[in-house]
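Here the structure comes first, spelled out in C-alpha cells, and everything after it is commentary.
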Amino acid sequence: MLNSLRTLLFHVCNRRFFYGWVILAVTCFAMIGTGPGQSHLIGLYFEDISREMTFMFAADWMGANRQTAITFAYGGATFLAAFLLPYMGKLLDRYGPTVILSLVIVGLSITAILFSLAREWTVVAITFGFLRFLGQGSLMLASVNMVSQWFDKRRGFALGIMSLGFPLSMAVHPPICQWLIDSVGWRASWVWLGISTLVLFLPPVLFLAHSKPELLGLKPDGLRDSDSTLIEKQDVWGLTRGEALRTSTFYIITAGLTALSMLVTTLHVFFKGILTSHGLEPQTATLMFTVTGITAAISMPIVGQMLDKLRTDFMFCGGLLVMVASLVSVTFVNDLPSAIVFAIIFGINNGVTMTFFGFLWPRYFGRKHLGSIQGVGQMVGIVGASIGAIPYAIAFDRGWDLDLTLRALAVIPLIFAGVALFLRDPKESTDQ
C-alpha cells in the first residue's frame, strides 16, 4: 500500500513539474530534523549536563574541569562515530538514500529519547556519538546524496535550497528547546525532541522520497532523452573512492572543510557562553542564534548560485576567509549592535559551510561513486568537529584569554584559504 501511494503521489506531482523539486522540499525539511545531532542545539545543554554528570574514573580531575570533561566526551564520541560514515556511504550506494534516511530518522528519534536518561560521563559520551553520527553525519549525508543524484547543472543552487533546513533548525530549535528546558526540564525536553523528530520527519521521506531520477524514468535536472549525449556523460562519469583518494584535490577539499567544521562547531557549542562573557544577557545571546539562522537561510541560495557561476577555487578561498572574520569579529562584541554584526557574519559563514559540504564532492568527483567519496569526506569533517571545541574548553577551564584563543584559531582557516587556490579538476586529468 505504501509503494502504491508513493507511486500515485509521484505521478500526480510529476505531471505538473519536475519531481526533483519535491525531493528538494523533502530533503530541506529533513535537514531541519538534524537538529538533535547539531552543536547549536546540544551546546545549550552543556551547562545542565555537566552540572549533573557523574564520573566512574578520574572523578576529582573531571569534577574540577567539567567544561573540558564534557567537551572531551562530545569530541571523543564524535571522533569515533565519524569513522562509521564511510560505511554509511557504501550503504547509500547500495541501498539508496531513501532507505537510509528512513532508518536514520528512526534511530535519531530513539537516541534522543534515551539521552534523557544519561547521567554517567561514559554514557553521555556514547549517546553524544550516536546523536552526532545519526544527525550531524548520516542524515545530512543522505540528504546531500539524494539532491546530488537529482540535480547536476543546478546542483549548487539545489544544495543551497536543501541546506536551508540547517539555519531553520538553528533559528527554531534553540529557542524552543530553551523554552522546554524552562518548562519541563532538560531531560524531558529530549523526550519531546525524539517524539517530534519521528512524527514530523519520517512521513515525508516514506511517502515522497525517491533515491534517483533514473529509477522513475527521469534524468537529473529534468533533462529529456533528446539530450542523449549530455545525459550519457552525466550518468557514466565519476571517480571511484580509490581514484579520488589519489588526487591532491581530495586533500585540499578535505583540509578546508575540516577547518570549517572544527571552528564552526567551536562557535556553535560556546555561542551562548562567548556572548554572555562579552556582556549580553542569556536571552539576548540565545536570540542571536535566530539572527544567525535567518542570515544563513538568506545566504545559502545566493552562495549556491555563485558556486554554479563562479570559479570554485575562488569561492572556497572566500568561504574560509569568512570563517576568519567570524572568529575575529566575535572577540570585539561588547553590545547588542556588535553582537548582531557578528551573528550576521556567522550566519553567512554557516551558509557557506553547509553549501560547500554538499557541492564540492560531486563537483570534482562525479556522481557514480558519490556516496563512498562523500562518506570519507564527511568522516574527516566530523573528525574536525570533534576536536574543534577542545582548545577553547581547555582555555576556559585554565582561565586563559578566550579572545586571544579565538584569534589564534583564526590562523587555521587563513592558511587553508591560500591552499584552496591550488584546487584542480581531476576530470580534466582523466579526460586527457
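Chain labels follow the order of the C-alpha cells: the first chain is A, the next B, and so on; residue numbering restarts at 1 in every chain, and ligands are counted from 1 in their shown order.
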
If you count only C-alpha atoms, which residues fall within 9 Å of stretch 129-141 of chain A, apart from same-chain ones fewer than 6 positions away, as a compact mmCIF listing (two decimals) with C-alpha atoms, in the first residue's frame?
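As written to disk, part_24.txt reads:
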# COMPACT_ATOMS: atom_id res chain seq x y z
CA THR A 27 15.49 16.92 1.98
CA ALA A 30 14.86 16.54 6.70
CA MET A 31 17.78 18.90 7.33
CA GLY A 33 15.47 17.20 11.61
CA THR A 34 19.26 17.06 12.06
CA GLY A 35 18.85 19.48 14.99
CA PRO A 36 19.19 16.91 17.82
CA GLY A 37 22.61 15.98 16.44
CA GLN A 38 23.85 19.53 15.83
CA SER A 39 26.14 21.59 18.03
CA ALA A 73 33.02 13.43 25.89
CA TYR A 74 31.43 15.31 23.00
CA GLY A 75 34.58 15.45 20.89
CA GLY A 76 35.80 11.92 21.57
CA ALA A 77 32.46 10.33 20.83
CA THR A 78 32.07 12.42 17.68
CA PHE A 79 35.57 11.41 16.60
CA LEU A 80 34.84 7.69 16.92
CA ALA A 81 31.40 7.99 15.32
CA ALA A 82 32.94 9.76 12.32
CA LEU A 84 31.39 4.87 10.67
CA LEU A 85 30.47 7.36 7.92
CA MET A 88 27.26 4.65 5.66
CA GLY A 89 28.47 5.98 2.30
CA LEU A 92 23.99 4.76 0.41
CA PRO A 97 19.31 7.45 0.30
CA ILE A 100 18.94 5.17 4.74
CA LEU A 101 17.05 8.38 5.53
CA VAL A 104 18.43 7.16 10.37
CA ILE A 105 15.41 9.25 11.41
CA GLY A 107 17.48 5.82 15.06
CA LEU A 108 17.92 9.51 15.83
CA THR A 111 18.66 8.06 20.65
CA ALA A 112 17.19 11.46 21.61
CA PHE A 115 19.60 10.62 26.03
CA GLY A 358 27.27 19.27 -0.42
CA GLY A 371 28.21 8.00 -1.51
CA GLN A 374 31.19 11.72 0.46
CA GLY A 375 31.32 9.24 3.33
CA GLN A 378 32.09 13.68 5.83
CA MET A 379 34.05 11.45 8.20
CA ILE A 382 33.22 15.33 11.63

Contacts of A:Lys272 at 8 Å or less, counting only C-alpha atoms, minus same-chain residues fewer than 2 places along, as a VMD selection string? chain A and resid 44 269 to 270 274 to 276 282 285 to 286

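Residues surrounding stretch 186-196 of chain A within 7 Å are Ser109, Ile110, Ala112, Ile113, Phe115, Ser116, Cys177, Leu180, Ile181, Val199 and Leu200 of chain A [only C-alpha atoms; sequence separation below 3 positions excluded].
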
Contact residues around A:Ser299 with only C-alpha atoms at 12 Å, ignoring same-chain residues under 2 positions, as a VMD selection string: chain A and resid 157 160 to 161 163 to 164 167 292 to 297 301 to 306 319 344 to 355

Output as a tab-separated table one row per residue of stretch 242-335 of chain A within 6 Å of stretch 398-421 of chain A: the closest atom pair and its distance in Å to one decimal place, counting only C-alpha atoms, sorted by chain and residue number ascending.
residue	atom	partner	partner_atom	distance
A:Gly256	CA	A:Phe416	CA	5.7
A:Ala259	CA	A:Pro413	CA	5.9
A:Asp313	CA	A:Leu421	CA	5.2
A:Cys317	CA	A:Ala417	CA	4.4
A:Leu320	CA	A:Ala417	CA	5.4
A:Val324	CA	A:Ala410	CA	5.0
A:Leu327	CA	A:Leu406	CA	5.8
A:Val328	CA	A:Arg407	CA	5.6
A:Thr331	CA	A:Asp403	CA	5.2

Output C-alpha atoms for every residue in the selection just made, as a CSV table (one decimal), in the first residue's frame.
chain,number,residue,atom,x,y,z
A,256,GLY,CA,39.5,23.2,4.1
A,259,ALA,CA,38.9,23.6,9.2
A,313,ASP,CA,38.6,27.6,-6.0
A,317,CYS,CA,39.0,30.6,-0.6
A,320,LEU,CA,37.4,30.2,4.5
A,324,VAL,CA,38.3,34.0,9.8
A,327,LEU,CA,36.3,34.1,14.8
A,328,VAL,CA,37.8,37.6,14.9
A,331,THR,CA,36.1,38.9,20.1

Can you work out which one of A:Ile49, A:Ala255, A:Val322, A:Val341 has the shortest atom-to-atom distance to A:Leu423, counting only C-alpha atoms? A:Ala255

One decimal place gives the atom CA of A:Met62-atom CA of A:Val380 separation as 27.8 Å

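Closest approach to A:Gln178 among A:Leu287, A:Leu260, A:Val205, A:Met56 is made by A:Leu287 (distances from only C-alpha atoms).
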
Backbone DSSP call of helix (DSSP H, G or I) for stretch 2-188 of chain A, listed as a PyMOL selection string: chain A and resi 2-14+20-32+35-37+39-52+59-64+66-82+85-95+97-115+121-150+155-162+165-184+186-188

May I have the selected residues written with C-alpha atoms, as a compact mmCIF listing (two decimals), in the first residue's frame?
# COMPACT_ATOMS: atom_id res chain seq x y z
CA LEU A 2 2.85 2.37 0.84
CA ASN A 3 4.50 1.81 -2.54
CA SER A 4 1.22 2.36 -4.34
CA LEU A 5 0.66 5.65 -2.55
CA ARG A 6 4.25 6.75 -3.24
CA THR A 7 3.78 5.97 -6.93
CA LEU A 8 0.48 7.82 -7.06
CA LEU A 9 1.94 10.92 -5.41
CA PHE A 10 4.89 10.83 -7.81
CA HIS A 11 2.68 10.76 -10.90
CA VAL A 12 0.40 13.50 -9.56
CA CYS A 13 3.37 15.81 -8.92
CA ASN A 14 5.48 14.89 -11.94
CA GLY A 20 13.27 16.91 -8.26
CA TRP A 21 11.66 19.95 -6.63
CA VAL A 22 9.66 17.62 -4.38
CA ILE A 23 12.90 15.85 -3.47
CA LEU A 24 14.39 19.24 -2.67
CA ALA A 25 11.50 20.08 -0.34
CA VAL A 26 11.73 16.69 1.43
CA THR A 27 15.49 16.92 1.98
CA CYS A 28 15.29 20.56 3.12
CA PHE A 29 12.71 19.53 5.70
CA ALA A 30 14.86 16.54 6.70
CA MET A 31 17.78 18.90 7.33
CA ILE A 32 15.70 20.63 10.00
CA GLY A 35 18.85 19.48 14.99
CA PRO A 36 19.19 16.91 17.82
CA GLY A 37 22.61 15.98 16.44
CA SER A 39 26.14 21.59 18.03
CA HIS A 40 23.85 24.62 18.06
CA LEU A 41 21.27 22.54 19.97
CA ILE A 42 23.49 20.25 22.04
CA GLY A 43 25.57 23.21 23.20
CA LEU A 44 22.53 24.62 25.01
CA TYR A 45 22.59 21.60 27.31
CA PHE A 46 26.30 21.61 28.20
CA GLU A 47 25.84 23.52 31.46
CA ASP A 48 22.94 21.37 32.69
CA ILE A 49 24.57 18.09 31.66
CA SER A 50 27.97 18.96 33.13
CA ARG A 51 26.36 20.01 36.41
CA GLU A 52 24.58 16.63 36.85
CA ALA A 59 36.39 11.97 39.30
CA ASP A 60 38.48 14.63 41.07
CA TRP A 61 40.01 15.97 37.85
CA MET A 62 36.78 15.81 35.85
CA GLY A 63 34.82 17.38 38.67
CA ALA A 64 37.24 20.30 38.72
CA ARG A 66 33.71 19.99 33.93
CA GLN A 67 33.73 22.05 30.71
CA THR A 68 36.81 20.22 29.47
CA ALA A 69 35.36 16.87 30.57
CA ILE A 70 32.06 17.29 28.73
CA THR A 71 33.86 18.71 25.68
CA PHE A 72 36.11 15.65 25.60
CA ALA A 73 33.02 13.43 25.89
CA TYR A 74 31.43 15.31 23.00
CA GLY A 75 34.58 15.45 20.89
CA GLY A 76 35.80 11.92 21.57
CA ALA A 77 32.46 10.33 20.83
CA THR A 78 32.07 12.42 17.68
CA PHE A 79 35.57 11.41 16.60
CA LEU A 80 34.84 7.69 16.92
CA ALA A 81 31.40 7.99 15.32
CA ALA A 82 32.94 9.76 12.32
CA LEU A 85 30.47 7.36 7.92
CA PRO A 86 32.46 5.70 5.10
CA TYR A 87 30.42 2.56 5.77
CA MET A 88 27.26 4.65 5.66
CA GLY A 89 28.47 5.98 2.30
CA LYS A 90 28.75 2.43 0.99
CA LEU A 91 25.24 1.67 2.25
CA LEU A 92 23.99 4.76 0.41
CA ASP A 93 25.50 3.48 -2.83
CA ARG A 94 23.99 0.03 -2.23
CA TYR A 95 20.50 0.76 -0.89
CA PRO A 97 19.31 7.45 0.30
CA THR A 98 15.55 6.86 0.75
CA VAL A 99 16.02 3.68 2.81
CA ILE A 100 18.94 5.17 4.74
CA LEU A 101 17.05 8.38 5.53
CA SER A 102 14.13 6.42 6.96
CA LEU A 103 16.30 4.24 9.19
CA VAL A 104 18.43 7.16 10.37
CA ILE A 105 15.41 9.25 11.41
CA VAL A 106 14.06 6.35 13.47
CA GLY A 107 17.48 5.82 15.06
CA LEU A 108 17.92 9.51 15.83
CA SER A 109 14.50 9.66 17.48
CA ILE A 110 15.22 6.68 19.72
CA THR A 111 18.66 8.06 20.65
CA ALA A 112 17.19 11.46 21.61
CA ILE A 113 14.67 9.77 23.92
CA LEU A 114 17.34 7.59 25.54
CA PHE A 115 19.60 10.62 26.03
CA TRP A 121 30.19 10.51 31.73
CA THR A 122 30.72 7.37 29.64
CA VAL A 123 27.01 7.02 28.85
CA VAL A 124 26.81 10.71 27.94
CA ALA A 125 29.79 10.28 25.59
CA ILE A 126 28.31 7.23 23.88
CA THR A 127 24.97 8.96 23.38
CA PHE A 128 26.73 12.04 22.03
CA GLY A 129 28.38 9.73 19.50
CA PHE A 130 25.07 8.32 18.27
CA LEU A 131 23.47 11.77 18.09
CA ARG A 132 26.34 13.12 16.02
CA PHE A 133 26.65 10.05 13.80
CA LEU A 134 22.94 9.89 13.02
CA GLY A 135 22.01 13.58 13.00
CA GLN A 136 25.03 15.64 12.04
CA GLY A 137 26.56 12.84 9.96
CA SER A 138 24.26 10.28 8.35
CA LEU A 139 21.08 12.35 7.96
CA MET A 140 22.99 15.18 6.31
CA LEU A 141 25.00 12.77 4.17
CA ALA A 142 21.89 11.00 2.86
CA SER A 143 20.10 14.30 2.13
CA VAL A 144 23.06 15.71 0.23
CA ASN A 145 23.45 12.45 -1.68
CA MET A 146 19.80 12.44 -2.75
CA VAL A 147 19.88 16.04 -4.01
CA SER A 148 23.16 15.42 -5.82
CA GLN A 149 21.54 12.50 -7.65
CA TRP A 150 18.58 14.59 -8.80
CA ARG A 155 23.39 21.35 -8.17
CA GLY A 156 24.88 24.35 -6.35
CA PHE A 157 21.53 26.15 -6.30
CA ALA A 158 19.68 22.98 -5.29
CA LEU A 159 22.07 22.22 -2.45
CA GLY A 160 21.77 25.81 -1.29
CA ILE A 161 18.00 25.38 -1.09
CA MET A 162 18.29 21.99 0.61
CA GLY A 165 16.94 23.31 6.70
CA PHE A 166 20.11 23.80 8.75
CA PRO A 167 19.64 27.53 9.50
CA LEU A 168 15.93 26.91 10.01
CA SER A 169 16.90 24.40 12.70
CA MET A 170 19.32 26.97 14.10
CA ALA A 171 16.60 29.62 14.21
CA VAL A 172 13.88 27.35 15.65
CA HIS A 173 15.46 24.62 17.78
CA PRO A 174 17.41 26.72 20.36
CA PRO A 175 14.50 28.95 21.47
CA ILE A 176 12.06 26.02 21.51
CA CYS A 177 14.47 23.85 23.48
CA GLN A 178 15.25 26.68 25.89
CA TRP A 179 11.51 27.02 26.47
CA LEU A 180 11.23 23.24 27.02
CA ILE A 181 14.14 23.32 29.45
CA ASP A 182 12.49 26.08 31.44
CA SER A 183 9.07 24.36 31.31
CA VAL A 184 9.73 20.64 31.80
CA TRP A 186 16.33 19.38 30.15
CA ARG A 187 15.74 15.63 30.37
CA ALA A 188 12.06 15.74 29.44

Surrounding residues of A:Val333 excluding itself and chain neighbours under 3 positions, 10 Å, only C-alpha atoms, as a PyMOL selection string: chain A and resi 274-280+328-330+336-342

For A:Phe365, which residue out of A:Thr290, A:Ser211, A:Thr54, A:Thr247 is the nearest one, using only C-alpha atoms?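 Among the listed residues, A:Thr247 lies closest to A:Phe365.
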
For a quick check of understanding, using only C-alpha atoms, which of A:Met323, A:Met53, A:Ala58, A:Ile373 has the smallest distance to A:Glu120?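 Looking only at the distances to A:Glu120, the closest residue turns out to be A:Met53.
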
Could you check which of A:Met1, A:Phe316, A:Arg241, A:Ala325 is closest to A:Ile253, using only C-alpha atoms?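 Closest candidate: A:Phe316.
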
Length of the atom CA of A:Asp335 to atom CA of A:Val264 vector [Å]: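 According to the coordinates, atom CA of A:Asp335 and atom CA of A:Val264 are separated by 22.0 Å.
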
What is the atom CA of A:Ala385-atom CA of A:Leu263 distance in Å, reported with one decimal?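 Computing the Euclidean distance for atom CA of A:Ala385 and atom CA of A:Leu263 yields 7.3 Å.
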